[in-house]
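Have a look at data.csv; it's CSV, C-alpha atoms:
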```csv
chain,number,residue,atom,x,y,z
A,1,MET,CA,0.0,0.0,0.0
A,2,PRO,CA,1.3,3.5,-0.8
A,3,GLN,CA,2.5,5.5,2.1
A,4,GLU,CA,0.5,8.6,3.2
A,5,ARG,CA,2.1,11.9,2.4
A,6,PRO,CA,2.3,14.6,5.0
A,7,THR,CA,0.5,17.1,2.8
A,8,GLU,CA,-2.7,15.0,2.7
A,9,THR,CA,-5.4,16.2,5.1
A,10,THR,CA,-8.0,13.5,4.4
A,11,ARG,CA,-7.3,9.9,5.0
A,12,ARG,CA,-7.8,7.7,2.0
A,13,LEU,CA,-10.1,4.7,2.2
A,14,ARG,CA,-8.0,1.7,1.9
A,15,PRO,CA,-9.5,-1.4,0.1
A,16,ILE,CA,-10.2,-4.5,2.0
A,17,ARG,CA,-8.2,-7.4,1.1
A,18,ALA,CA,-9.9,-10.5,0.0
A,19,GLU,CA,-8.5,-12.6,2.8
A,20,GLU,CA,-9.6,-10.1,5.5
A,21,PRO,CA,-13.0,-11.0,7.1
A,22,ALA,CA,-16.0,-8.7,6.3
A,23,GLU,CA,-17.1,-6.2,9.0
A,24,SER,CA,-20.3,-6.8,10.9
A,25,ALA,CA,-23.5,-5.7,9.2
A,26,VAL,CA,-24.2,-3.3,12.0
A,27,ALA,CA,-21.3,-1.3,13.2
A,28,PRO,CA,-21.2,-0.2,16.9
A,29,ALA,CA,-22.1,3.5,17.5
A,30,PRO,CA,-19.0,5.6,17.9
A,31,VAL,CA,-18.3,6.9,21.3
A,32,PRO,CA,-18.1,10.7,21.3
A,33,ALA,CA,-14.9,12.1,22.5
A,34,PRO,CA,-15.1,14.0,25.8
A,35,PRO,CA,-15.0,17.7,25.5
A,36,SER,CA,-11.7,19.3,26.1
A,37,ASN,CA,-11.1,22.3,28.2
A,38,THR,CA,-8.5,23.5,25.9
A,39,PRO,CA,-9.9,26.0,23.4
A,40,SER,CA,-7.3,25.2,20.8
A,41,VAL,CA,-8.2,21.5,20.7
A,42,GLU,CA,-12.0,21.9,20.3
A,43,ARG,CA,-13.5,22.4,16.8
A,44,PRO,CA,-15.1,25.8,16.2
A,45,PHE,CA,-19.0,25.9,15.6
A,46,VAL,CA,-19.6,27.0,12.0
A,47,SER,CA,-23.1,28.0,10.6
A,48,PHE,CA,-23.8,28.1,6.8
A,49,ALA,CA,-25.9,30.6,5.1
A,50,GLN,CA,-28.9,29.6,2.8
A,51,PRO,CA,-27.6,28.6,-0.6
A,52,GLU,CA,-28.4,30.8,-3.6
A,53,THR,CA,-31.0,29.2,-6.0
A,54,TYR,CA,-30.1,31.3,-9.0
A,55,ASP,CA,-27.0,31.8,-11.0
A,56,ASP,CA,-25.2,35.0,-11.8
A,57,ASP,CA,-26.9,35.5,-15.1
A,58,THR,CA,-30.5,35.5,-13.6
A,59,ALA,CA,-31.8,38.7,-12.2
A,60,ARG,CA,-33.4,38.6,-8.8
A,61,LEU,CA,-37.2,38.9,-8.7
A,62,ARG,CA,-38.3,42.3,-7.4
A,63,PRO,CA,-41.4,42.7,-5.3
A,64,LEU,CA,-44.5,43.7,-7.3
A,65,GLY,CA,-45.9,46.0,-4.7
A,66,GLY,CA,-44.8,49.1,-6.5
A,67,ARG,CA,-46.5,48.2,-9.8
A,68,THR,CA,-49.5,46.2,-8.7
A,69,ARG,CA,-51.7,49.1,-7.6
A,70,PRO,CA,-51.4,51.1,-10.9
A,71,ARG,CA,-52.2,48.0,-13.0
A,72,VAL,CA,-55.2,47.1,-10.8
A,73,VAL,CA,-56.5,50.6,-11.0
A,74,ALA,CA,-56.1,50.7,-14.8
A,75,ALA,CA,-57.9,47.3,-15.3
A,76,ALA,CA,-60.8,48.4,-13.0
A,77,ALA,CA,-61.1,51.6,-15.0
A,78,CYS,CA,-61.3,49.6,-18.3
A,79,VAL,CA,-64.0,47.3,-16.9
A,80,VAL,CA,-66.1,50.2,-15.6
A,81,LEU,CA,-65.8,51.9,-19.0
A,82,GLY,CA,-66.7,48.8,-20.9
A,83,LEU,CA,-69.8,48.1,-18.8
A,84,GLY,CA,-70.8,51.7,-19.2
A,85,LEU,CA,-70.6,51.5,-23.0
A,86,ILE,CA,-72.5,48.1,-23.1
A,87,GLY,CA,-75.2,49.4,-20.7
A,88,GLY,CA,-75.6,52.6,-22.7
A,89,ALA,CA,-75.9,50.7,-26.0
A,90,ALA,CA,-78.5,48.3,-24.5
A,91,THR,CA,-80.5,51.1,-23.0
A,92,GLY,CA,-80.5,53.0,-26.2
A,93,SER,CA,-81.6,49.9,-28.1
A,94,TRP,CA,-84.4,49.3,-25.6
A,95,LEU,CA,-85.6,52.9,-25.8
A,96,THR,CA,-85.5,53.1,-29.5
A,97,GLY,CA,-86.6,49.5,-30.2
A,98,ASP,CA,-83.7,48.9,-32.5
A,99,GLY,CA,-82.6,45.5,-31.2
A,100,ALA,CA,-81.5,43.0,-33.8
A,101,ASP,CA,-83.7,40.2,-32.5
A,102,GLU,CA,-86.7,42.4,-32.2
A,103,ALA,CA,-86.2,43.8,-35.6
A,104,GLY,CA,-85.9,40.3,-37.1
A,105,SER,CA,-89.1,39.3,-35.3
A,106,ARG,CA,-90.9,42.3,-36.6
A,107,ASN,CA,-89.7,41.7,-40.1
A,108,ALA,CA,-90.8,38.1,-40.0
A,109,PHE,CA,-94.2,39.0,-38.6
A,110,ALA,CA,-94.7,41.6,-41.3
A,111,ALA,CA,-93.4,39.3,-44.0
A,112,ALA,CA,-95.8,36.6,-43.0
A,113,GLY,CA,-98.8,38.9,-43.2
A,114,GLU,CA,-98.0,39.6,-46.9
A,115,LEU,CA,-97.6,36.1,-48.1
A,116,TRP,CA,-101.2,35.8,-49.2
A,117,HIS,CA,-100.5,37.9,-52.4
A,118,SER,CA,-96.8,37.2,-53.0
A,119,VAL,CA,-96.5,33.4,-52.7
A,120,PRO,CA,-97.8,30.9,-55.3
A,121,VAL,CA,-100.7,28.8,-54.1
A,122,ASP,CA,-98.7,25.6,-54.7
A,123,GLN,CA,-96.2,26.7,-52.1
A,124,LEU,CA,-98.9,27.5,-49.4
A,125,PHE,CA,-101.1,24.5,-50.4
A,126,PRO,CA,-98.9,21.9,-52.2
A,127,PRO,CA,-100.6,19.6,-54.7
A,128,THR,CA,-99.5,16.6,-52.6
A,129,VAL,CA,-98.8,16.6,-48.9
A,130,GLN,CA,-97.0,13.7,-47.3
A,131,GLY,CA,-97.9,12.9,-43.7
A,132,VAL,CA,-95.3,10.5,-42.4
A,133,GLY,CA,-96.6,9.1,-39.2
A,134,ALA,CA,-99.7,11.3,-39.2
A,135,GLY,CA,-102.3,8.6,-39.2
A,136,PRO,CA,-103.7,6.5,-36.3
A,137,GLY,CA,-101.0,4.4,-34.7
A,138,GLY,CA,-98.3,6.3,-36.6
A,139,ALA,CA,-99.4,5.2,-40.0
A,140,ASP,CA,-98.4,7.3,-43.0
A,141,ARG,CA,-100.8,9.5,-44.8
A,142,THR,CA,-100.9,11.2,-48.2
A,143,TRP,CA,-103.3,14.0,-49.1
A,144,THR,CA,-104.0,15.2,-52.7
A,145,ARG,CA,-105.3,18.6,-53.3
A,146,ILE,CA,-108.6,18.5,-55.1
A,147,ALA,CA,-109.8,22.1,-55.0
A,148,VAL,CA,-108.5,25.6,-54.2
A,149,ALA,CA,-110.9,28.4,-53.2
A,150,PRO,CA,-110.3,31.9,-54.6
A,151,ASP,CA,-108.8,34.2,-52.0
A,152,SER,CA,-111.6,36.2,-50.4
A,153,GLY,CA,-112.8,37.8,-47.2
A,154,CYS,CA,-114.4,36.1,-44.2
A,155,LYS,CA,-118.0,37.1,-44.7
A,156,ASP,CA,-119.5,33.6,-45.3
A,157,ALA,CA,-116.5,31.5,-44.4
A,158,PHE,CA,-117.3,31.0,-40.7
A,159,ASP,CA,-120.4,30.5,-38.6
A,160,PRO,CA,-121.6,33.7,-36.8
A,161,LEU,CA,-120.2,32.7,-33.4
A,162,LEU,CA,-116.7,31.9,-34.8
A,163,ARG,CA,-116.7,35.0,-36.8
A,164,LYS,CA,-117.5,37.0,-33.7
A,165,ALA,CA,-114.7,35.3,-31.7
A,166,LEU,CA,-112.2,36.2,-34.5
A,167,ALA,CA,-113.4,39.8,-34.8
A,168,PRO,CA,-110.7,41.3,-32.5
A,169,VAL,CA,-107.9,40.4,-35.0
A,170,GLY,CA,-109.9,41.2,-38.1
A,171,CYS,CA,-109.9,39.5,-41.5
A,172,LEU,CA,-107.4,40.6,-44.1
A,173,ARG,CA,-107.6,37.6,-46.5
A,174,LEU,CA,-108.7,34.0,-46.4
A,175,LEU,CA,-107.1,31.2,-48.4
A,176,ARG,CA,-108.5,27.7,-48.5
A,177,ALA,CA,-107.9,24.4,-50.1
A,178,THR,CA,-109.6,21.0,-49.9
A,179,TYR,CA,-107.7,17.7,-49.9
A,180,ALA,CA,-108.7,14.0,-50.2
A,181,ASP,CA,-106.9,11.1,-48.6
A,182,ALA,CA,-105.4,8.3,-50.6
A,183,THR,CA,-108.6,6.2,-50.5
A,184,ARG,CA,-110.8,9.2,-51.5
A,185,SER,CA,-113.0,8.4,-48.5
A,186,HIS,CA,-112.1,11.4,-46.4
A,187,VAL,CA,-112.0,15.0,-47.3
A,188,THR,CA,-110.4,17.9,-45.4
A,189,THR,CA,-110.5,21.6,-45.9
A,190,VAL,CA,-107.5,23.6,-44.6
A,191,GLY,CA,-107.5,27.3,-44.3
A,192,LEU,CA,-105.1,30.2,-43.7
A,193,LEU,CA,-106.8,33.3,-42.3
A,194,PHE,CA,-104.5,36.3,-42.6
A,195,THR,CA,-105.5,38.9,-39.9
A,196,LYS,CA,-105.0,42.6,-39.5
A,197,ALA,CA,-103.6,42.2,-36.0
A,198,ASP,CA,-100.2,42.9,-34.5
A,199,ALA,CA,-98.3,40.4,-32.3
A,200,ALA,CA,-99.9,41.6,-29.1
A,201,ALA,CA,-103.4,41.1,-30.4
A,202,MET,CA,-102.6,37.6,-31.7
A,203,THR,CA,-101.1,36.6,-28.4
A,204,SER,CA,-104.2,37.9,-26.6
A,205,LEU,CA,-106.5,35.9,-28.9
A,206,LYS,CA,-104.5,32.7,-28.5
A,207,ALA,CA,-104.6,33.1,-24.7
A,208,ARG,CA,-108.4,33.5,-24.9
A,209,PHE,CA,-108.8,30.4,-27.1
A,210,GLN,CA,-106.8,28.4,-24.6
A,211,LYS,CA,-108.4,29.7,-21.5
A,212,GLU,CA,-112.0,29.4,-22.7
A,213,GLY,CA,-111.5,26.3,-24.8
A,214,LEU,CA,-112.9,28.0,-27.9
A,215,ASP,CA,-111.1,25.6,-30.2
A,216,ARG,CA,-113.2,22.7,-28.7
A,217,ARG,CA,-116.6,24.1,-29.0
A,218,THR,CA,-118.8,22.5,-31.7
A,219,ASP,CA,-120.5,25.8,-32.3
A,220,LEU,CA,-117.2,27.3,-33.3
A,221,MET,CA,-116.2,24.8,-36.0
A,222,PRO,CA,-114.8,26.2,-39.3
A,223,ARG,CA,-116.8,25.7,-42.4
A,224,PRO,CA,-115.5,23.4,-45.2
A,225,TYR,CA,-115.0,24.4,-48.8
A,226,ALA,CA,-117.2,22.1,-51.0
A,227,ALA,CA,-116.0,22.4,-54.6
A,228,LYS,CA,-118.4,21.3,-57.3
A,229,GLY,CA,-117.4,18.4,-59.4
A,230,THR,CA,-114.9,17.0,-56.8
A,231,ASP,CA,-115.0,14.4,-54.1
A,232,ALA,CA,-115.8,17.2,-51.6
A,233,GLU,CA,-118.9,18.3,-53.5
A,234,ASP,CA,-121.2,17.1,-50.7
A,235,PHE,CA,-118.9,18.3,-47.9
A,236,GLY,CA,-121.2,20.7,-46.1
A,237,ASP,CA,-121.7,22.0,-42.6
A,238,ALA,CA,-123.6,18.8,-41.6
A,239,GLN,CA,-120.7,16.6,-42.7
A,240,ARG,CA,-118.1,18.2,-40.4
A,241,ALA,CA,-116.7,15.5,-38.2
A,242,SER,CA,-113.4,16.8,-36.7
A,243,TRP,CA,-111.5,20.1,-36.7
A,244,THR,CA,-108.6,22.1,-35.3
A,245,VAL,CA,-107.9,25.8,-34.9
A,246,SER,CA,-104.4,27.2,-34.2
A,247,VAL,CA,-103.8,30.9,-33.5
A,248,LEU,CA,-100.2,31.8,-34.3
A,249,THR,CA,-98.3,34.4,-32.3
A,250,ASP,CA,-95.2,34.8,-34.6
A,251,ALA,CA,-97.4,35.6,-37.6
A,252,PRO,CA,-100.7,37.3,-38.2
A,253,VAL,CA,-102.3,34.0,-39.3
A,254,ILE,CA,-104.8,31.5,-38.0
A,255,VAL,CA,-104.5,28.0,-39.3
A,256,TYR,CA,-107.5,25.7,-39.2
A,257,ALA,CA,-108.7,22.4,-40.8
A,258,VAL,CA,-112.0,20.5,-40.8
A,259,SER,CA,-112.5,17.0,-42.0
A,260,GLY,CA,-115.4,14.7,-42.9
A,261,PHE,CA,-116.5,11.8,-45.0
A,262,ALA,CA,-116.4,12.1,-48.8
A,263,ASP,CA,-119.7,10.2,-49.2
A,264,GLY,CA,-121.7,13.1,-47.7
A,265,ARG,CA,-122.9,11.3,-44.6
A,266,ASN,CA,-124.1,13.5,-41.7
A,267,VAL,CA,-122.1,13.5,-38.5
A,268,THR,CA,-124.3,14.0,-35.4
A,269,ALA,CA,-121.4,14.1,-32.9
A,270,PRO,CA,-118.4,15.9,-34.2
A,271,GLN,CA,-115.3,15.9,-32.1
A,272,PRO,CA,-112.3,18.1,-31.8
A,273,ALA,CA,-109.1,16.6,-33.4
A,274,ALA,CA,-107.3,16.7,-30.0
A,275,ASP,CA,-110.0,14.5,-28.5
A,276,ALA,CA,-110.5,12.3,-31.5
A,277,MET,CA,-106.8,11.4,-31.6
A,278,LYS,CA,-106.7,10.2,-28.0
A,279,PRO,CA,-106.1,6.5,-27.5
A,280,GLY,CA,-109.2,4.6,-26.7
A,281,ALA,CA,-111.6,7.2,-28.3
A,282,THR,CA,-114.7,5.4,-29.6
A,283,THR,CA,-116.6,8.1,-31.5
A,284,ALA,CA,-117.2,7.8,-35.2
A,285,PRO,CA,-114.6,10.6,-36.1
A,286,ALA,CA,-112.1,8.9,-33.9
A,287,GLN,CA,-112.7,5.4,-35.3
A,288,ALA,CA,-112.4,6.7,-38.8
A,289,GLY,CA,-109.2,8.7,-38.1
A,290,LEU,CA,-110.7,12.0,-39.0
A,291,GLY,CA,-109.1,13.7,-36.1
A,292,HIS,CA,-105.7,12.7,-37.5
A,293,GLU,CA,-106.8,13.9,-41.0
A,294,ALA,CA,-107.5,17.4,-39.7
A,295,GLN,CA,-104.6,17.8,-37.3
A,296,GLY,CA,-102.0,16.2,-39.6
A,297,LEU,CA,-102.9,18.3,-42.6
A,298,ALA,CA,-103.1,21.5,-40.6
A,299,ASP,CA,-99.7,20.9,-39.0
A,300,ARG,CA,-98.0,20.3,-42.4
A,301,VAL,CA,-99.5,23.4,-44.0
A,302,GLU,CA,-98.4,25.4,-40.9
A,303,ARG,CA,-94.9,24.1,-41.3
A,304,SER,CA,-94.9,25.0,-45.0
A,305,LEU,CA,-96.0,28.5,-44.0
A,306,ARG,CA,-93.2,28.9,-41.5
A,307,LYS,CA,-90.6,27.7,-44.0
A,308,THR,CA,-91.9,30.2,-46.5
A,309,VAL,CA,-91.6,33.0,-44.0
A,310,THR,CA,-88.1,32.0,-43.1
A,311,SER,CA,-87.1,32.0,-46.8
A,312,ALA,CA,-88.7,35.4,-47.3
A,313,THR,CA,-86.8,37.0,-44.5
A,314,GLU,CA,-83.4,35.5,-45.1
A,315,LYS,CA,-80.8,37.9,-46.4
A,316,PRO,CA,-78.7,36.8,-49.4
A,317,SER,CA,-75.2,35.8,-48.5
```
Whole structure given in structure tokens:
Amino acid sequence: MPQERPTETTRRLRPIRAEEPAESAVAPAPVPAPPSNTPSVERPFVSFAQPETYDDDTARLRPLGGRTRPRVVAAAACVVLGLGLIGGAATGSWLTGDGADEAGSRNAFAAAGELWHSVPVDQLFPPTVQGVGAGPGGADRTWTRIAVAPDSGCKDAFDPLLRKALAPVGCLRLLRATYADATRSHVTTVGLLFTKADAAAMTSLKARFQKEGLDRRTDLMPRPYAAKGTDAEDFGDAQRASWTVSVLTDAPVIVYAVSGFADGRNVTAPQPAADAMKPGATTAPAQAGLGHEAQGLADRVERSLRKTVTSATEKPS
């Protein structure tokens, strides 16, 4: 083994020779040396400062106290100013009624009221209407237009009581068409009554119909359009079997439909479509599916009307 030089201050660890026995797994605890009274012999107590966690090329982070307050004040001022501008714009739109949504609703409402003279009849009353799932038990229906009445007023189109109930919204124009089912055994007249009312009046009328049940009263049934020389020639007031009346609030229009038998038989107990469509209904209109005829055709004509209004109010891209 090499000899230790005097200049070395740390003893080198010497390797254990192969023939030397291994030390015990647990070494005995060293016995501390007794303190010496001689100051020169004892080791001095040394404390170390906290190590630096950054190198010389990284600047120390400065406290933000000096800049935080001006930035917070500036951000708060921007928020207050933005809220003021938004609130002012909203208030101005509310006072002047220039909101985009309100303007669009007004435009759609007005456009719907003008469709009676600007849209072809085939678009309002298609020659053939498909009623997928519109029949009893979800059966499909197909209706074929057999007659179209000339546009007219409402003088003789409604019974006196129904005409009185509709008087608050007025009558601008009335469009009607009569359809027959695929078997030619049922006939249905569907009508679009264009009123003179605004949205508030239409909403009020709809609320009255719902509250008083005016759409379920047999003395307020709409009249059919019996066209000569068609399957609906004998479709008169006595043949009315089921009906529905829908007062729209997003358009100055009332959609209605009334159905009956094509053979001209009288119906002594007509029934509203909503009741005739209920499961288990046993009346003649219900058993014949005439409630589904009236409601299904009215729904699809109403959908066609809404699509036409949407197309009329869409802006070209």
Polymer residues at most 8 Å from Ala177 in chain A, all atoms listed in the file, same-chain spacing of 3 or more positions, as JSON, numbers by chain: {"A": [125, 145, 146, 147, 148, 149, 189, 190, 191, 225]}
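Nearest residue to Leu192 in chain A among A:Gly153, A:Gly229, A:Pro285, A:Pro160 is A:Gly153, counting all atoms listed in the file.
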Within 6 Å of range 258-265 of chain A using only C-alpha atoms, minus same-chain residues under 6 positions, as a list of chain:residue names: A:Ser185, A:His186, A:Val187, A:Thr188, A:Thr189, A:Asp231, A:Ala232, A:Asp234, A:Phe235, A:Gln239, A:Arg240, A:Ala241, A:Ser242, A:Trp243, A:Ala294
Keeping only C-alpha atoms, take the residues you just selected and write them out as a CSV table (one decimal), in the coordinates of the input.
```
chain,number,residue,atom,x,y,z
A,185,SER,CA,-113.0,8.4,-48.5
A,186,HIS,CA,-112.1,11.4,-46.4
A,187,VAL,CA,-112.0,15.0,-47.3
A,188,THR,CA,-110.4,17.9,-45.4
A,189,THR,CA,-110.5,21.6,-45.9
A,231,ASP,CA,-115.0,14.4,-54.1
A,232,ALA,CA,-115.8,17.2,-51.6
A,234,ASP,CA,-121.2,17.1,-50.7
A,235,PHE,CA,-118.9,18.3,-47.9
A,239,GLN,CA,-120.7,16.6,-42.7
A,240,ARG,CA,-118.1,18.2,-40.4
A,241,ALA,CA,-116.7,15.5,-38.2
A,242,SER,CA,-113.4,16.8,-36.7
A,243,TRP,CA,-111.5,20.1,-36.7
A,294,ALA,CA,-107.5,17.4,-39.7
```
Distance criterion (all atoms listed in the file): nearest to Val245 in chain A out of A:Glu233, A:Asp299, A:Asp198, A:Asp159: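 Comparing A:Glu233, A:Asp299, A:Asp198, A:Asp159 against Val245 in chain A, the winner is A:Asp299.
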Computed interatomic separation between CA of Gln295 in chain A and CA of Val169 in chain A (Å):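 Computing the Euclidean distance for CA of Gln295 in chain A and CA of Val169 in chain A yields 23.0 Å.
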Which residue of A:Ser204, A:Thr178, A:Thr144, A:Ser246 approaches Arg216 in chain A most closely, using all atoms listed in the file: A:Ser246
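Near Ala238 in chain A, within 8 Å and counting only C-alpha atoms, sit A:Asn266, A:Val267, A:Thr268, not including residues fewer than 5 positions from it in the same chain.
If you look at CA of Cys171 in chain A and CA of Leu193 in chain A, they are 7.0 Å away from each other.
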Distance in Å - CA of Gly138 in chain A versus CA of His292 in chain A: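 Computing it gives 9.8 Å between the two atoms.
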Selected residue of minimal separation from Ala281 in chain A among A:Thr203, A:Pro136, A:Thr310, A:Ser304, counting all atoms listed in the file: A:Pro136
